[in-house]
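Participant: Below you will find the structure I want to go over with you.
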Amino acid sequence: MKKFWQSNTMLKLVSLVIAILLVIYIDTTQTGFVTQGESNKTKQTATETQTMKTNLQVSVDTDKYYVTGYPEKIKLTIEGSSSLVTSTVNTQAFRAYIDLTKLGVGKHKVRVQVTGLSKQLSYYVKPQTVTVNIQRRKSRTLPVQIEYNKNNVASGYDQETATVSPSTVEVSGPKSEVNRVSQIVAKLNVPNGLNRTYSRTVILVAEDKNGQQLNVNISPSTAQVKLPLSVSKKTVKLKLNPRNEKSNKVYSLTAKQTKVTVYGKKSVISKLKQLTVNVDLAHINASTTQSFPITLPSGVARTDPANVNIQIKVKDSSATKNSD
C-alpha cells in the first residue's frame, strides 16, 4: 500500500484532481459569472434610472379657493430595478401633488409629494417645493358681447344682427380678478370683402373696463358666432351717358338691353329708379359696338350683367348738314 501512494500513477492522479479543482475555483470567482438558472434574476436586480414629466395635482377646496403660481407639470426621476422602473413608467400608477387643504388665503411655500410609487423605488422631484397663491374663489354669469370690423363687409350687403351661442357664460377665478371683469367678448375675425353669411367658433376673452384681458376661467371657453349678410335685388332701367363727344361728330347710342338686375342694400335698392352707363367717346371715330361697365352707386353690390353692349353710330357733322 505504501508503495501505491508513492507510485507515479498516484501522483499523477492527485495532480489531475487538484488541477480540476483549481479550474473550477477560478471560473466561479470571475466577475460576471452567472449560471444559467440565475440569468433572469440578475436582469431583474439591475438598476435603471428614468426621468419623466407628470401632471402636478392640487388638493384644495376648489369651491372655496382659487390657486395660482404652481406649474402644471413637474419632473419625476425614479430609480430601481429595470423591470420595476419600466412597469412604473408604462402604468403611470402614481400621483404627484401639493396638499393645500390645511392652508388659508395668501402665499405659501409647499412641498411636492408623490404617492403610489413602489417602496422598492427611490425618487426625486424637481422642483421639490413650489410657491402658491391661494385666493377666495368667485363666480359670475355674464352675457357675451360680439365684436367684429364692420368695414370688412363688402359694400352693398346688409349686416343682420350677429348671434352668439351660448349667449351667457360663467366666469370664475380669484375674487379680485373676477370683480374687475367688465365684459366677455367674442371677437370675430371677419375677412376683408366678406359677401356671404359668416360663422366661426371663437375663443372668449374677459376684459376690464379699459379693454385689458384678465386671467380668469370662462366656461365654456369658446362660442359659435354667426354674422348673417343679406342682399336685395331689383330690376331697373339703364340710362346712357355719353362723354367726351367731339364737336365735328354726331353720335347715336343704342344699348343691347334696356334693363338690368341690381343687387344691394335694401334701403338703397328700394329708392333706385335707374342706373347710368358712362359711354366714353373720346377715341371712337367710327361706328362700333363696345362693352361698357355699369356705374355702381354707393350701397349697390353688383348688377347682372356687370357690363352692357352698346351700339355706337358715328357720322361727321358736316355730312349731316349737307344732307339737310
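Naming works like this for the C-alpha cells: A, B, ... for the chains as they're shown, residue 1 at the start of each chain, ligands 1 onward in shown order.
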Can you tell me, as a list in words, what residues are no more than 9 Å from Gly156 (chain A) when counting only C-alpha atoms, ignoring any on the same chain fewer than 5 positions away?

Facilitator: Asn195, Val231, Ser232, Tyr263, Gly264, Lys265, Lys266, Val268, Ser298, Gly299, Val300, Ala301 and Arg302 of chain A

Participant: For the alpha helix (DSSP H) assignment from backbone DSSP, which residues of region 17-201 of chain A qualify? Please present them as a ChimeraX atom specification.

Facilitator: /A:17-28,39-45,82-91,175-178

Participant: Emit the selected residues as a compact mmCIF listing (two decimals), in the first residue's frame, including N, CA, C and O atoms.

Facilitator:
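New file selection.txt:
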```
# COMPACT_ATOMS: atom_id res chain seq x y z
N VAL A 17 -6.60 15.84 -10.06
CA VAL A 17 -7.73 16.28 -9.22
C VAL A 17 -7.53 17.71 -8.77
O VAL A 17 -8.45 18.54 -8.77
N ILE A 18 -6.29 18.01 -8.34
CA ILE A 18 -6.01 19.38 -7.87
C ILE A 18 -6.20 20.39 -9.00
O ILE A 18 -6.74 21.49 -8.81
N ALA A 19 -5.74 20.00 -10.21
CA ALA A 19 -5.89 20.90 -11.37
C ALA A 19 -7.35 21.18 -11.69
O ALA A 19 -7.75 22.32 -11.99
N ILE A 20 -8.17 20.12 -11.62
CA ILE A 20 -9.62 20.29 -11.91
C ILE A 20 -10.25 21.21 -10.88
O ILE A 20 -11.03 22.11 -11.22
N LEU A 21 -9.93 21.00 -9.62
CA LEU A 21 -10.50 21.85 -8.56
C LEU A 21 -10.06 23.30 -8.72
O LEU A 21 -10.83 24.23 -8.45
N LEU A 22 -8.82 23.49 -9.14
CA LEU A 22 -8.32 24.85 -9.33
C LEU A 22 -9.06 25.58 -10.46
O LEU A 22 -9.40 26.76 -10.34
N VAL A 23 -9.31 24.86 -11.55
CA VAL A 23 -10.05 25.46 -12.67
C VAL A 23 -11.46 25.84 -12.24
O VAL A 23 -11.97 26.93 -12.56
N ILE A 24 -12.12 24.97 -11.51
CA ILE A 24 -13.50 25.26 -11.03
C ILE A 24 -13.50 26.48 -10.13
O ILE A 24 -14.36 27.37 -10.22
N TYR A 25 -12.52 26.59 -9.26
CA TYR A 25 -12.45 27.72 -8.34
C TYR A 25 -12.27 29.04 -9.08
O TYR A 25 -12.92 30.05 -8.79
N ILE A 26 -11.37 29.04 -10.08
CA ILE A 26 -11.11 30.28 -10.83
C ILE A 26 -12.35 30.71 -11.61
O ILE A 26 -12.72 31.89 -11.63
N ASP A 27 -13.05 29.76 -12.25
CA ASP A 27 -14.23 30.09 -13.05
C ASP A 27 -15.35 30.67 -12.20
O ASP A 27 -16.04 31.61 -12.60
N THR A 28 -15.52 30.08 -11.02
CA THR A 28 -16.64 30.53 -10.17
C THR A 28 -16.38 31.86 -9.52
O THR A 28 -17.30 32.53 -9.05
N SER A 39 -29.68 33.85 -14.59
CA SER A 39 -29.63 34.96 -15.55
C SER A 39 -30.82 35.89 -15.40
O SER A 39 -30.68 37.10 -15.38
N ASN A 40 -32.02 35.35 -15.27
CA ASN A 40 -33.22 36.19 -15.14
C ASN A 40 -33.20 36.98 -13.85
O ASN A 40 -33.60 38.13 -13.80
N LYS A 41 -32.71 36.38 -12.80
CA LYS A 41 -32.65 37.08 -11.51
C LYS A 41 -31.72 38.28 -11.59
O LYS A 41 -32.00 39.36 -11.07
N THR A 42 -30.62 38.13 -12.33
CA THR A 42 -29.67 39.24 -12.48
C THR A 42 -30.29 40.39 -13.25
O THR A 42 -30.13 41.56 -12.90
N LYS A 43 -31.05 40.06 -14.29
CA LYS A 43 -31.70 41.11 -15.07
C LYS A 43 -32.70 41.89 -14.23
O LYS A 43 -32.86 43.08 -14.36
N GLN A 44 -33.40 41.18 -13.36
CA GLN A 44 -34.41 41.84 -12.53
C GLN A 44 -33.79 42.76 -11.50
O GLN A 44 -34.38 43.75 -11.10
N THR A 45 -32.60 42.44 -11.03
CA THR A 45 -31.98 43.24 -9.98
C THR A 45 -31.09 44.34 -10.54
O THR A 45 -30.57 45.15 -9.79
N SER A 82 -34.74 47.39 -13.19
CA SER A 82 -35.14 47.70 -14.56
C SER A 82 -36.60 47.37 -14.82
O SER A 82 -37.34 48.16 -15.39
N SER A 83 -37.03 46.18 -14.37
CA SER A 83 -38.41 45.76 -14.63
C SER A 83 -39.40 46.63 -13.89
O SER A 83 -40.45 46.99 -14.42
N LEU A 84 -39.08 47.03 -12.66
CA LEU A 84 -40.00 47.85 -11.88
C LEU A 84 -40.08 49.27 -12.41
O LEU A 84 -41.17 49.87 -12.46
N VAL A 85 -38.95 49.83 -12.85
CA VAL A 85 -38.94 51.16 -13.44
C VAL A 85 -39.77 51.17 -14.71
O VAL A 85 -40.59 52.07 -14.95
N THR A 86 -39.56 50.18 -15.56
CA THR A 86 -40.31 50.10 -16.83
C THR A 86 -41.81 49.98 -16.56
O THR A 86 -42.62 50.65 -17.22
N SER A 87 -42.18 49.14 -15.61
CA SER A 87 -43.59 48.97 -15.27
C SER A 87 -44.21 50.26 -14.75
O SER A 87 -45.33 50.63 -15.12
N THR A 88 -43.47 50.98 -13.94
CA THR A 88 -43.97 52.24 -13.37
C THR A 88 -44.18 53.30 -14.44
O THR A 88 -45.18 54.01 -14.46
N VAL A 89 -43.21 53.39 -15.36
CA VAL A 89 -43.32 54.36 -16.45
C VAL A 89 -44.51 54.04 -17.35
O VAL A 89 -45.24 54.94 -17.79
N ASN A 90 -44.73 52.78 -17.62
CA ASN A 90 -45.81 52.37 -18.53
C ASN A 90 -47.19 52.55 -17.91
O ASN A 90 -48.13 52.96 -18.58
N THR A 91 -47.33 52.23 -16.64
CA THR A 91 -48.66 52.27 -16.00
C THR A 91 -49.01 53.66 -15.46
O THR A 91 -50.19 54.00 -15.36
N LYS A 175 -61.25 86.25 -6.54
CA LYS A 175 -62.29 87.26 -6.32
C LYS A 175 -61.86 88.62 -6.85
O LYS A 175 -62.64 89.34 -7.48
N SER A 176 -60.57 88.98 -6.63
CA SER A 176 -60.08 90.28 -7.06
C SER A 176 -60.13 90.43 -8.58
O SER A 176 -60.41 91.51 -9.10
N GLU A 177 -59.85 89.32 -9.32
CA GLU A 177 -59.86 89.37 -10.78
C GLU A 177 -61.27 89.35 -11.33
O GLU A 177 -61.60 90.10 -12.26
N VAL A 178 -62.11 88.50 -10.77
CA VAL A 178 -63.49 88.39 -11.26
C VAL A 178 -64.23 89.71 -11.08
O VAL A 178 -65.04 90.11 -11.93
```

Participant: Go ahead and compute the interatomic distance for CA of Ala46 (chain A) and CA of Ala96 (chain A), in Å to one decimal.

Facilitator: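 Value for the CA of Ala46 (chain A)-CA of Ala96 (chain A) distance: 25.9 Å.
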
Participant: If I take CA of Lys249 (chain A) and CA of His283 (chain A), how far is one from the other in Å, to one decimal?

Facilitator: 11.8 Å

Participant: Calculated over only C-alpha atoms, which of the candidates A:Asp316, A:Ile184, A:Val308, A:Thr276 has the smallest distance to Lys246 (chain A)?

Facilitator: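 The answer is A:Asp316, which sits nearest to Lys246 (chain A).
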
Participant: So that I can check the surroundings of Gln50 (chain A), please list as an NGL selection string every protein, DNA and RNA residue that reaches within 7 Å of it, counting only C-alpha atoms and ignoring chain neighbours fewer than 2 positions away.

Facilitator: :A and (48 or 52 or 77-79)

Participant: A:Gln212, A:Ser270, A:Ser291, A:Ser247: which is nearest Ser317 (chain A), counting only C-alpha atoms?

Facilitator: A:Ser247

Participant: Within 10 Å of Lys226 (chain A), counting only C-alpha atoms, which residues show up once you throw out same-chain ones fewer than 2 positions away? Write them as a short mmCIF file (atom, residue, chain, number, x, y, z; two decimals) with N, CA, C and O atoms, in the first residue's frame, please.

Facilitator:
```cif
data_model
loop_
_atom_site.label_atom_id
_atom_site.label_comp_id
_atom_site.auth_asym_id
_atom_site.auth_seq_id
_atom_site.Cartn_x
_atom_site.Cartn_y
_atom_site.Cartn_z
N ILE A 146 -70.33 90.63 -28.89
CA ILE A 146 -69.70 90.29 -30.17
C ILE A 146 -68.99 91.52 -30.72
O ILE A 146 -69.57 92.61 -30.75
N GLU A 160 -77.10 91.79 -40.89
CA GLU A 160 -78.14 91.48 -39.93
C GLU A 160 -77.52 91.39 -38.53
O GLU A 160 -76.31 91.49 -38.36
N THR A 161 -78.36 91.21 -37.52
CA THR A 161 -77.86 91.13 -36.15
C THR A 161 -77.05 89.85 -35.95
O THR A 161 -77.52 88.74 -36.21
N ALA A 162 -75.80 90.02 -35.52
CA ALA A 162 -74.92 88.87 -35.25
C ALA A 162 -75.43 88.13 -34.01
O ALA A 162 -75.92 88.74 -33.07
N THR A 163 -75.29 86.80 -34.03
CA THR A 163 -75.73 85.98 -32.90
C THR A 163 -74.56 85.18 -32.34
O THR A 163 -73.59 84.89 -33.04
N VAL A 164 -74.66 84.83 -31.06
CA VAL A 164 -73.61 84.05 -30.41
C VAL A 164 -74.27 82.97 -29.54
O VAL A 164 -75.30 83.21 -28.91
N SER A 165 -73.67 81.79 -29.56
CA SER A 165 -74.17 80.68 -28.75
C SER A 165 -72.99 79.98 -28.06
O SER A 165 -72.05 79.56 -28.74
N LEU A 188 -64.87 88.23 -33.55
CA LEU A 188 -64.99 87.54 -34.82
C LEU A 188 -64.06 88.20 -35.83
O LEU A 188 -64.19 89.39 -36.12
N THR A 197 -72.93 85.12 -45.55
CA THR A 197 -73.08 84.85 -44.12
C THR A 197 -71.86 84.10 -43.60
O THR A 197 -71.38 83.16 -44.22
N TYR A 198 -71.38 84.56 -42.44
CA TYR A 198 -70.11 84.07 -41.91
C TYR A 198 -70.31 83.51 -40.50
O TYR A 198 -70.95 84.14 -39.65
N SER A 199 -69.77 82.30 -40.26
CA SER A 199 -69.93 81.66 -38.95
C SER A 199 -68.61 81.02 -38.54
O SER A 199 -67.97 80.34 -39.33
N ARG A 200 -68.20 81.26 -37.28
CA ARG A 200 -66.95 80.71 -36.77
C ARG A 200 -67.05 80.43 -35.27
O ARG A 200 -67.83 81.06 -34.55
N THR A 201 -66.23 79.47 -34.81
CA THR A 201 -66.06 79.23 -33.38
C THR A 201 -64.89 80.09 -32.90
O THR A 201 -63.79 80.01 -33.46
N ALA A 223 -67.28 80.05 -28.17
CA ALA A 223 -68.68 80.27 -28.57
C ALA A 223 -68.77 80.28 -30.09
O ALA A 223 -67.80 80.58 -30.78
N GLN A 224 -69.95 79.96 -30.59
CA GLN A 224 -70.20 79.97 -32.03
C GLN A 224 -70.84 81.31 -32.40
O GLN A 224 -71.91 81.65 -31.90
N PRO A 228 -75.00 87.11 -40.13
CA PRO A 228 -75.78 86.95 -41.36
C PRO A 228 -75.67 88.19 -42.25
O PRO A 228 -75.78 89.32 -41.78
N LEU A 229 -75.46 87.96 -43.53
CA LEU A 229 -75.46 89.04 -44.52
C LEU A 229 -76.57 88.78 -45.52
O LEU A 229 -76.86 87.64 -45.87
#
```

Participant: Out of A:His108, A:Arg95, A:Lys209, A:Arg137, which residue has the shortest atom-to-atom distance to Asp61 (chain A) when counting only C-alpha atoms?

Facilitator: A:Arg137

Participant: Can you measure CA of Thr222 (chain A) to CA of Ile134 (chain A) for me? One decimal in Å is fine.

Facilitator: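 Distance reported for this atom pair: 26.7 Å.
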
Participant: Between A:Pro71, A:Pro174, A:Pro191, A:Pro166, which one has atoms that come closest to Val105 (chain A), using only C-alpha atoms?

Facilitator: A:Pro174
